[in-house]
$ cat protein_39.json   # JSON, C-alpha atoms
[["chain", "number", "residue", "atom", "x", "y", "z"],
["A", 1, "MET", "CA", 0.00, 0.00, 0.00],
["A", 2, "GLY", "CA", 1.06, 3.59, -0.45],
["A", 3, "LYS", "CA", 2.86, 5.50, 2.26],
["A", 4, "GLY", "CA", 0.84, 8.75, 2.12],
["A", 5, "ARG", "CA", -1.72, 7.83, 4.77],
["A", 6, "VAL", "CA", 0.88, 6.67, 7.30],
["A", 7, "GLU", "CA", 2.82, 9.91, 6.77],
["A", 8, "ALA", "CA", -0.31, 12.05, 7.22],
["A", 9, "PHE", "CA", -1.41, 10.11, 10.30],
["A", 10, "THR", "CA", 2.06, 10.35, 11.84],
["A", 11, "ASP", "CA", 2.19, 14.11, 11.19],
["A", 12, "GLY", "CA", -1.23, 14.52, 12.82],
["A", 13, "VAL", "CA", -0.36, 12.50, 15.92],
["A", 14, "ILE", "CA", 2.92, 14.36, 16.38],
["A", 15, "ALA", "CA", 1.12, 17.70, 16.02],
["A", 16, "ILE", "CA", -1.34, 16.62, 18.71],
["A", 17, "ILE", "CA", 1.50, 15.50, 21.00],
["A", 18, "ILE", "CA", 3.16, 18.90, 20.71],
["A", 19, "THR", "CA", -0.17, 20.67, 21.26],
["A", 20, "ILE", "CA", -0.86, 18.69, 24.42],
["A", 21, "MET", "CA", 2.64, 19.44, 25.74],
["A", 22, "VAL", "CA", 2.29, 23.19, 25.19],
["A", 23, "LEU", "CA", -1.11, 23.20, 26.90],
["A", 24, "GLU", "CA", 0.64, 22.00, 30.06],
["A", 25, "LEU", "CA", 2.46, 25.35, 30.22],
["A", 26, "LYS", "CA", 0.44, 27.53, 32.54],
["A", 27, "VAL", "CA", 0.17, 31.30, 32.19],
["A", 28, "PRO", "CA", 1.88, 33.00, 35.15],
["A", 29, "HIS", "CA", -0.22, 35.21, 37.37],
["A", 30, "GLY", "CA", 1.39, 38.60, 37.66],
["A", 31, "ALA", "CA", 3.37, 40.96, 35.48],
["A", 32, "GLU", "CA", 6.79, 40.76, 37.12],
["A", 33, "PHE", "CA", 9.77, 38.63, 36.10],
["A", 34, "SER", "CA", 9.65, 36.97, 39.51],
["A", 35, "VAL", "CA", 6.45, 35.09, 38.57],
["A", 36, "LEU", "CA", 8.39, 33.26, 35.85],
["A", 37, "ALA", "CA", 10.92, 31.66, 38.22],
["A", 38, "PRO", "CA", 8.63, 28.88, 39.50],
["A", 39, "LEU", "CA", 7.84, 27.89, 35.90],
["A", 40, "TRP", "CA", 11.41, 27.09, 34.81],
["A", 41, "PRO", "CA", 11.22, 23.30, 35.48],
["A", 42, "THR", "CA", 8.02, 22.94, 33.46],
["A", 43, "PHE", "CA", 9.39, 25.10, 30.66],
["A", 44, "LEU", "CA", 12.75, 23.29, 30.60],
["A", 45, "SER", "CA", 11.09, 19.88, 30.43],
["A", 46, "TYR", "CA", 8.82, 21.19, 27.64],
["A", 47, "VAL", "CA", 11.77, 22.47, 25.60],
["A", 48, "LEU", "CA", 13.61, 19.15, 25.94],
["A", 49, "SER", "CA", 10.53, 17.14, 24.95],
["A", 50, "PHE", "CA", 9.67, 19.48, 22.08],
["A", 51, "ILE", "CA", 13.18, 18.93, 20.71],
["A", 52, "TYR", "CA", 12.83, 15.15, 21.06],
["A", 53, "VAL", "CA", 9.45, 15.04, 19.34],
["A", 54, "GLY", "CA", 10.83, 17.33, 16.62],
["A", 55, "ILE", "CA", 13.82, 15.02, 16.11],
["A", 56, "TYR", "CA", 11.53, 12.02, 15.67],
["A", 57, "TRP", "CA", 9.27, 13.92, 13.28],
["A", 58, "ASN", "CA", 12.23, 15.14, 11.23],
["A", 59, "ASN", "CA", 13.80, 11.68, 10.99],
["A", 60, "LEU", "CA", 10.49, 9.98, 10.20],
["A", 61, "HIS", "CA", 9.82, 12.57, 7.52],
["A", 62, "ASN", "CA", 13.20, 11.96, 5.88],
["A", 63, "MET", "CA", 12.97, 8.19, 6.30],
["A", 64, "PHE", "CA", 9.53, 7.90, 4.69],
["A", 65, "HIS", "CA", 10.78, 9.83, 1.67],
["A", 66, "THR", "CA", 13.16, 6.94, 0.91],
["A", 67, "VAL", "CA", 10.48, 4.24, 0.99],
["A", 68, "GLN", "CA", 8.01, 3.38, -1.73],
["A", 69, "ARG", "CA", 5.34, 1.53, 0.20],
["A", 70, "VAL", "CA", 4.26, 0.23, 3.59],
["A", 71, "ASN", "CA", 2.59, -2.94, 4.79],
["A", 72, "GLY", "CA", 0.73, -4.05, 7.91],
["A", 73, "ARG", "CA", 3.92, -4.71, 9.87],
["A", 74, "VAL", "CA", 5.21, -1.22, 9.10],
["A", 75, "LEU", "CA", 1.86, 0.29, 10.13],
["A", 76, "TRP", "CA", 1.97, -1.54, 13.47],
["A", 77, "ALA", "CA", 5.62, -0.64, 14.02],
["A", 78, "ASN", "CA", 4.79, 3.01, 13.33],
["A", 79, "LEU", "CA", 1.83, 2.85, 15.74],
["A", 80, "HIS", "CA", 4.14, 1.30, 18.33],
["A", 81, "LEU", "CA", 6.48, 4.28, 18.00],
["A", 82, "LEU", "CA", 3.59, 6.74, 18.12],
["A", 83, "PHE", "CA", 2.30, 5.07, 21.28],
["A", 84, "TRP", "CA", 5.56, 5.72, 23.14],
["A", 85, "LEU", "CA", 5.80, 9.23, 21.72],
["A", 86, "SER", "CA", 2.23, 9.90, 22.89],
["A", 87, "LEU", "CA", 3.44, 9.40, 26.47],
["A", 88, "MET", "CA", 5.84, 12.33, 26.12],
["A", 89, "PRO", "CA", 3.28, 14.93, 27.31],
["A", 90, "VAL", "CA", 2.59, 12.95, 30.48],
["A", 91, "THR", "CA", 6.24, 12.24, 31.31],
["A", 92, "THR", "CA", 7.17, 15.82, 30.42],
["A", 93, "ALA", "CA", 4.58, 17.22, 32.82],
["A", 94, "PHE", "CA", 5.49, 14.62, 35.48],
["A", 95, "MET", "CA", 9.15, 15.65, 35.32],
["A", 96, "GLY", "CA", 8.56, 19.40, 35.12],
["A", 97, "GLU", "CA", 5.88, 19.66, 37.78],
["A", 98, "ASN", "CA", 8.02, 17.65, 40.19],
["A", 99, "HIS", "CA", 11.10, 19.81, 39.58],
["A", 100, "PHE", "CA", 13.16, 16.99, 38.04],
["A", 101, "ALA", "CA", 12.80, 14.65, 41.02],
["A", 102, "PRO", "CA", 14.56, 11.27, 40.52],
["A", 103, "VAL", "CA", 11.51, 9.05, 39.84],
["A", 104, "PRO", "CA", 9.97, 11.35, 37.18],
["A", 105, "VAL", "CA", 13.39, 11.76, 35.51],
["A", 106, "ALA", "CA", 13.82, 7.97, 35.47],
["A", 107, "VAL", "CA", 10.32, 7.45, 34.04],
["A", 108, "TYR", "CA", 11.11, 10.03, 31.36],
["A", 109, "GLY", "CA", 14.26, 8.06, 30.50],
["A", 110, "VAL", "CA", 12.31, 4.80, 30.25],
["A", 111, "VAL", "CA", 9.93, 6.40, 27.76],
["A", 112, "LEU", "CA", 12.87, 7.81, 25.76],
["A", 113, "ALA", "CA", 14.47, 4.34, 25.67],
["A", 114, "LEU", "CA", 11.21, 2.75, 24.55],
["A", 115, "CYS", "CA", 10.79, 5.39, 21.82],
["A", 116, "ALA", "CA", 14.28, 4.54, 20.59],
["A", 117, "ALA", "CA", 13.50, 0.81, 20.63],
["A", 118, "ALA", "CA", 10.26, 1.40, 18.73],
["A", 119, "TYR", "CA", 12.09, 3.52, 16.14],
["A", 120, "PHE", "CA", 14.60, 0.68, 15.67],
["A", 121, "ILE", "CA", 11.76, -1.80, 15.16],
["A", 122, "LEU", "CA", 10.21, 0.50, 12.54],
["A", 123, "VAL", "CA", 13.53, 0.68, 10.70],
["A", 124, "VAL", "CA", 13.81, -3.12, 10.77],
["A", 125, "MET", "CA", 10.27, -3.55, 9.39],
["A", 126, "LEU", "CA", 10.92, -1.06, 6.59],
["A", 127, "HIS", "CA", 14.21, -2.78, 5.77],
["A", 128, "ARG", "CA", 12.47, -6.18, 5.57],
["A", 129, "LEU", "CA", 9.81, -4.75, 3.27],
["A", 130, "HIS", "CA", 12.17, -2.94, 0.91],
["A", 131, "GLY", "CA", 15.18, -5.27, 0.90],
["A", 132, "ASN", "CA", 18.91, -4.61, 0.88],
["A", 133, "ASP", "CA", 19.35, -2.97, -2.52],
["A", 134, "THR", "CA", 17.17, 0.10, -1.98],
["A", 135, "ALA", "CA", 17.62, 3.76, -1.15],
["A", 136, "PHE", "CA", 16.13, 3.04, 2.26],
["A", 137, "ALA", "CA", 18.63, 0.24, 3.03],
["A", 138, "ARG", "CA", 21.56, 2.38, 1.87],
["A", 139, "ALA", "CA", 20.33, 5.28, 4.02],
["A", 140, "ALA", "CA", 19.66, 3.14, 7.09],
["A", 141, "GLY", "CA", 23.22, 1.78, 6.86],
["A", 142, "THR", "CA", 24.97, 1.84, 10.19],
["A", 143, "ASP", "CA", 23.04, 2.58, 13.31],
["A", 144, "ARG", "CA", 25.83, 4.07, 15.42],
["A", 145, "LYS", "CA", 23.77, 7.02, 16.66],
["A", 146, "GLU", "CA", 20.89, 4.72, 17.60],
["A", 147, "LYS", "CA", 23.17, 2.40, 19.59],
["A", 148, "ILE", "CA", 24.87, 5.29, 21.39],
["A", 149, "SER", "CA", 21.47, 6.77, 22.25],
["A", 150, "VAL", "CA", 20.13, 3.54, 23.73],
["A", 151, "VAL", "CA", 23.28, 3.00, 25.78],
["A", 152, "LEU", "CA", 23.04, 6.54, 27.16],
["A", 153, "TYR", "CA", 19.33, 6.12, 27.99],
["A", 154, "ILE", "CA", 19.94, 2.81, 29.75],
["A", 155, "ALA", "CA", 22.83, 4.34, 31.71],
["A", 156, "ALA", "CA", 20.79, 7.43, 32.60],
["A", 157, "ILE", "CA", 17.88, 5.56, 34.15],
["A", 158, "PRO", "CA", 19.73, 4.09, 37.17],
["A", 159, "LEU", "CA", 22.04, 7.13, 37.36],
["A", 160, "THR", "CA", 18.93, 9.18, 38.12],
["A", 161, "PHE", "CA", 18.96, 7.73, 41.62],
["A", 162, "VAL", "CA", 22.57, 8.83, 42.10],
["A", 163, "ASN", "CA", 21.99, 12.34, 40.74],
["A", 164, "GLN", "CA", 19.08, 13.19, 38.49],
["A", 165, "TRP", "CA", 21.02, 16.03, 36.84],
["A", 166, "ILE", "CA", 23.49, 13.51, 35.40],
["A", 167, "SER", "CA", 20.56, 11.80, 33.70],
["A", 168, "VAL", "CA", 19.09, 15.07, 32.48],
["A", 169, "ALA", "CA", 22.53, 15.94, 31.06],
["A", 170, "LEU", "CA", 22.62, 12.57, 29.25],
["A", 171, "TYR", "CA", 19.14, 13.20, 27.80],
["A", 172, "VAL", "CA", 20.33, 16.60, 26.59],
["A", 173, "LEU", "CA", 23.48, 14.97, 25.12],
["A", 174, "VAL", "CA", 21.40, 12.48, 23.13],
["A", 175, "ALA", "CA", 19.19, 15.31, 21.87],
["A", 176, "MET", "CA", 22.32, 17.20, 20.81],
["A", 177, "ILE", "CA", 23.59, 14.11, 18.95],
["A", 178, "TRP", "CA", 20.33, 13.94, 17.00],
["A", 179, "PHE", "CA", 19.62, 17.67, 16.74],
["A", 180, "VAL", "CA", 21.38, 17.84, 13.40],
["A", 181, "PRO", "CA", 19.02, 15.91, 11.10],
["A", 182, "ASP", "CA", 20.10, 12.45, 10.08],
["A", 183, "ARG", "CA", 21.76, 13.17, 6.73],
["A", 184, "ARG", "CA", 21.80, 9.50, 5.67],
["A", 185, "PHE", "CA", 18.22, 9.72, 4.39],
["A", 186, "GLU", "CA", 18.63, 13.21, 2.93],
["A", 187, "ARG", "CA", 21.62, 12.04, 0.87],
["A", 188, "GLN", "CA", 19.59, 9.15, -0.58],
["A", 189, "ILE", "CA", 16.70, 11.50, -1.44],
["A", 190, "GLU", "CA", 19.07, 13.81, -3.31],
["A", 191, "LYS", "CA", 20.39, 10.92, -5.50]]
$ encode --input "protein_39.json" --output "structure tokens"
Amino acid sequence: MGKGRVEAFTDGVIAIIITIMVLELKVPHGAEFSVLAPLWPTFLSYVLSFIYVGIYWNNLHNMFHTVQRVNGRVLWANLHLLFWLSLMPVTTAFMGENHFAPVPVAVYGVVLALCAAAYFILVVMLHRLHGNDTAFARAAGTDRKEKISVVLYIAAIPLTFVNQWISVALYVLVAMIWFVPDRRFERQIEK
């Protein structure tokens, strides 16, 4: 089947995820700068999550441009990824409203790790569908960034109970690794 519907559905779900996250930001009461100070944890967690959701959207967008079709397995793998991404608003609010306490930071890391695992499964399903001698397979190539990300997530989760700021720093590091769009797919599109 064609890929247009899965792309449109994915775009819609991601737009809703971002909308729900921004609705968690509450308008401060007062007109002084001092009323903004209590909001920094919520805003910081929102910024981090917005970047993560944006990274997934950007990479999915580029990845789907290299594929010709999808099948039922790809649809389910994509839904699996969207399920974990849909938990981002809850874990973002949980972390921000609790001022980056260890348990919310660990839960956030678990969801990030499960998003990464779901993305990997989606890549595997697309590779199986399209085979080895395709633009998608050439673009998917090595998965060094994916492996580094998962290792950092898995390390960050227990480190949260040593010092949650170490884990937050690791989450920021992974976001920085992925912030520059994955050029593997863009290069295949340009060919």
$ atom_distance --input "protein_39.json" --atom1 "CA of Ile55 (chain A)" --atom2 "CA of Val6 (chain A)"
17.7 Å
$ closest_residue --input "protein_39.json" --among "A:Gly96, A:Pro158, A:Pro104, A:Pro89" --to "Ile14 (chain A)" --atoms "only C-alpha atoms"
A:Pro89
$ closest_residue --input "protein_39.json" --among "A:Asn163, A:Leu173, A:Ala137, A:Tyr119" --to "Val74 (chain A)" --atoms "all atoms listed in the file"
A:Tyr119
$ axis_aligned_box --input "protein_39.json" --around "region 77-92 of chain A" --padding-each-side "6 Å" --output "JSON"
{"center_x": 4.5, "center_y": 7.6, "center_z": 22.3, "size_x": 17.3, "size_y": 28.5, "size_z": 30.0}
$ closest_residue --input "protein_39.json" --among "A:Phe50, A:Trp178, A:Phe136, A:Trp165" --to "Ile148 (chain A)" --atoms "all atoms listed in the file"
A:Trp178
$ closest_residue --input "protein_39.json" --among "A:Gly2, A:Ala93, A:Leu159, A:Ile121" --to "Leu79 (chain A)" --atoms "all atoms listed in the file"
A:Ile121
$ residues_around --input "protein_39.json" --residues "Tyr46 (chain A)" --least-positions-apart "5" --cutoff "9 Å" --atoms "all atoms listed in the file" --output "list of chain:residue names"
A:Met21, A:Val22, A:Glu24, A:Leu25, A:Pro41, A:Ile51, A:Pro89, A:Thr92, A:Ala93, A:Gly96
$ residues_around --input "protein_39.json" --residues "Pro102 (chain A)" --least-positions-apart "6" --cutoff "7 Å" --atoms "all atoms listed in the file" --output "PyMOL selection string"
chain A and resi 160-161+164
$ closest_residue --input "protein_39.json" --among "A:Ala101, A:Leu126, A:Val168, A:Leu39" --to "Leu60 (chain A)" --atoms "only C-alpha atoms"
A:Leu126
$ closest_residue --input "protein_39.json" --among "A:Leu75, A:Leu85, A:Ala106, A:Ala140" --to "Tyr52 (chain A)" --atoms "all atoms listed in the file"
A:Leu85
$ residues_around --input "protein_39.json" --residues "Phe120 (chain A)" --least-positions-apart "5" --cutoff "9 Å" --atoms "only C-alpha atoms" --output "ChimeraX atom specification"
/A:115,125,143,146
$ residues_around --input "protein_39.json" --residues "Phe64 (chain A)" --least-positions-apart "2" --cutoff "10 Å" --atoms "all atoms listed in the file" --output "MDAnalysis selection string"
chainID A and resid 3:4 6:7 59:62 66:70 126 136 185
$ atom_distance --input "protein_39.json" --atom1 "CA of Leu170 (chain A)" --atom2 "CA of Trp57 (chain A)"
20.9 Å
$ residues_near_point --input "protein_39.json" --point "(23.5, 7.7, 20.4)" --cutoff "12 Å" --atoms "only C-alpha atoms" --output "VMD selection string"
chain A and resid 112 to 113 116 142 to 155 170 to 179 182
$ atom_distance --input "protein_39.json" --atom1 "CA of Lys26 (chain A)" --atom2 "CA of Met88 (chain A)"
17.4 Å
$ decode --input "protein_39.json" --residues "region 27-38 of chain A" --atoms "all heavy atoms" --output "JSON list (two decimals), in the first residue's frame"
[["chain", "number", "residue", "atom", "x", "y", "z"],
["A", 27, "VAL", "N", -0.09, 29.86, 32.25],
["A", 27, "VAL", "CA", 0.17, 31.30, 32.19],
["A", 27, "VAL", "C", 0.46, 31.78, 33.61],
["A", 27, "VAL", "O", -0.30, 31.50, 34.53],
["A", 27, "VAL", "CB", -1.04, 32.05, 31.61],
["A", 27, "VAL", "CG1", -0.82, 33.55, 31.65],
["A", 27, "VAL", "CG2", -1.33, 31.57, 30.20],
["A", 28, "PRO", "N", 1.58, 32.50, 33.80],
["A", 28, "PRO", "CA", 1.88, 33.00, 35.15],
["A", 28, "PRO", "C", 0.91, 34.10, 35.56],
["A", 28, "PRO", "O", 0.41, 34.84, 34.71],
["A", 28, "PRO", "CB", 3.31, 33.53, 35.02],
["A", 28, "PRO", "CG", 3.52, 33.76, 33.56],
["A", 28, "PRO", "CD", 2.60, 32.84, 32.82],
["A", 29, "HIS", "N", 0.67, 34.17, 36.84],
["A", 29, "HIS", "CA", -0.22, 35.21, 37.37],
["A", 29, "HIS", "C", 0.64, 36.32, 37.93],
["A", 29, "HIS", "O", 1.35, 36.14, 38.91],
["A", 29, "HIS", "CB", -1.15, 34.63, 38.44],
["A", 29, "HIS", "CG", -2.05, 33.58, 37.90],
["A", 29, "HIS", "ND1", -3.09, 33.86, 37.05],
["A", 29, "HIS", "CD2", -2.05, 32.24, 38.04],
["A", 29, "HIS", "CE1", -3.70, 32.75, 36.71],
["A", 29, "HIS", "NE2", -3.08, 31.74, 37.30],
["A", 30, "GLY", "N", 0.59, 37.46, 37.27],
["A", 30, "GLY", "CA", 1.39, 38.60, 37.66],
["A", 30, "GLY", "C", 2.15, 39.12, 36.46],
["A", 30, "GLY", "O", 2.26, 38.45, 35.43],
["A", 31, "ALA", "N", 2.68, 40.33, 36.60],
["A", 31, "ALA", "CA", 3.37, 40.96, 35.48],
["A", 31, "ALA", "C", 4.84, 41.22, 35.77],
["A", 31, "ALA", "O", 5.49, 42.00, 35.08],
["A", 31, "ALA", "CB", 2.67, 42.28, 35.13],
["A", 32, "GLU", "N", 5.39, 40.57, 36.78],
["A", 32, "GLU", "CA", 6.79, 40.76, 37.12],
["A", 32, "GLU", "C", 7.60, 39.54, 36.65],
["A", 32, "GLU", "O", 7.06, 38.45, 36.51],
["A", 32, "GLU", "CB", 6.96, 40.91, 38.64],
["A", 32, "GLU", "CG", 6.21, 42.07, 39.25],
["A", 32, "GLU", "CD", 4.74, 41.75, 39.48],
["A", 32, "GLU", "OE1", 4.41, 40.59, 39.77],
["A", 32, "GLU", "OE2", 3.91, 42.67, 39.32],
["A", 33, "PHE", "N", 8.90, 39.74, 36.48],
["A", 33, "PHE", "CA", 9.77, 38.63, 36.10],
["A", 33, "PHE", "C", 9.79, 37.55, 37.18],
["A", 33, "PHE", "O", 9.98, 36.38, 36.88],
["A", 33, "PHE", "CB", 11.20, 39.12, 35.83],
["A", 33, "PHE", "CG", 11.35, 39.77, 34.49],
["A", 33, "PHE", "CD1", 11.66, 41.13, 34.40],
["A", 33, "PHE", "CD2", 11.19, 39.06, 33.32],
["A", 33, "PHE", "CE1", 11.79, 41.73, 33.16],
["A", 33, "PHE", "CE2", 11.31, 39.65, 32.08],
["A", 33, "PHE", "CZ", 11.62, 41.00, 32.00],
["A", 34, "SER", "N", 9.58, 37.93, 38.40],
["A", 34, "SER", "CA", 9.65, 36.97, 39.51],
["A", 34, "SER", "C", 8.60, 35.86, 39.39],
["A", 34, "SER", "O", 8.80, 34.76, 39.91],
["A", 34, "SER", "CB", 9.51, 37.70, 40.85],
["A", 34, "SER", "OG", 8.25, 38.35, 40.92],
["A", 35, "VAL", "N", 7.49, 36.12, 38.71],
["A", 35, "VAL", "CA", 6.45, 35.09, 38.57],
["A", 35, "VAL", "C", 6.86, 33.99, 37.59],
["A", 35, "VAL", "O", 6.25, 32.93, 37.55],
["A", 35, "VAL", "CB", 5.09, 35.69, 38.16],
["A", 35, "VAL", "CG1", 4.59, 36.68, 39.21],
["A", 35, "VAL", "CG2", 5.12, 36.30, 36.79],
["A", 36, "LEU", "N", 7.91, 34.25, 36.81],
["A", 36, "LEU", "CA", 8.39, 33.26, 35.85],
["A", 36, "LEU", "C", 9.29, 32.21, 36.50],
["A", 36, "LEU", "O", 9.38, 31.08, 36.01],
["A", 36, "LEU", "CB", 9.15, 33.94, 34.71],
["A", 36, "LEU", "CG", 8.32, 34.89, 33.85],
["A", 36, "LEU", "CD1", 9.22, 35.60, 32.85],
["A", 36, "LEU", "CD2", 7.21, 34.14, 33.15],
["A", 37, "ALA", "N", 9.96, 32.57, 37.58],
["A", 37, "ALA", "CA", 10.92, 31.66, 38.22],
["A", 37, "ALA", "C", 10.34, 30.29, 38.57],
["A", 37, "ALA", "O", 10.97, 29.27, 38.29],
["A", 37, "ALA", "CB", 11.54, 32.33, 39.44],
["A", 38, "PRO", "N", 9.16, 30.21, 39.16],
["A", 38, "PRO", "CA", 8.63, 28.88, 39.50],
["A", 38, "PRO", "C", 8.29, 28.02, 38.28],
["A", 38, "PRO", "O", 8.10, 26.82, 38.40],
["A", 38, "PRO", "CB", 7.35, 29.19, 40.29],
["A", 38, "PRO", "CG", 7.44, 30.61, 40.69],
["A", 38, "PRO", "CD", 8.31, 31.28, 39.68]]
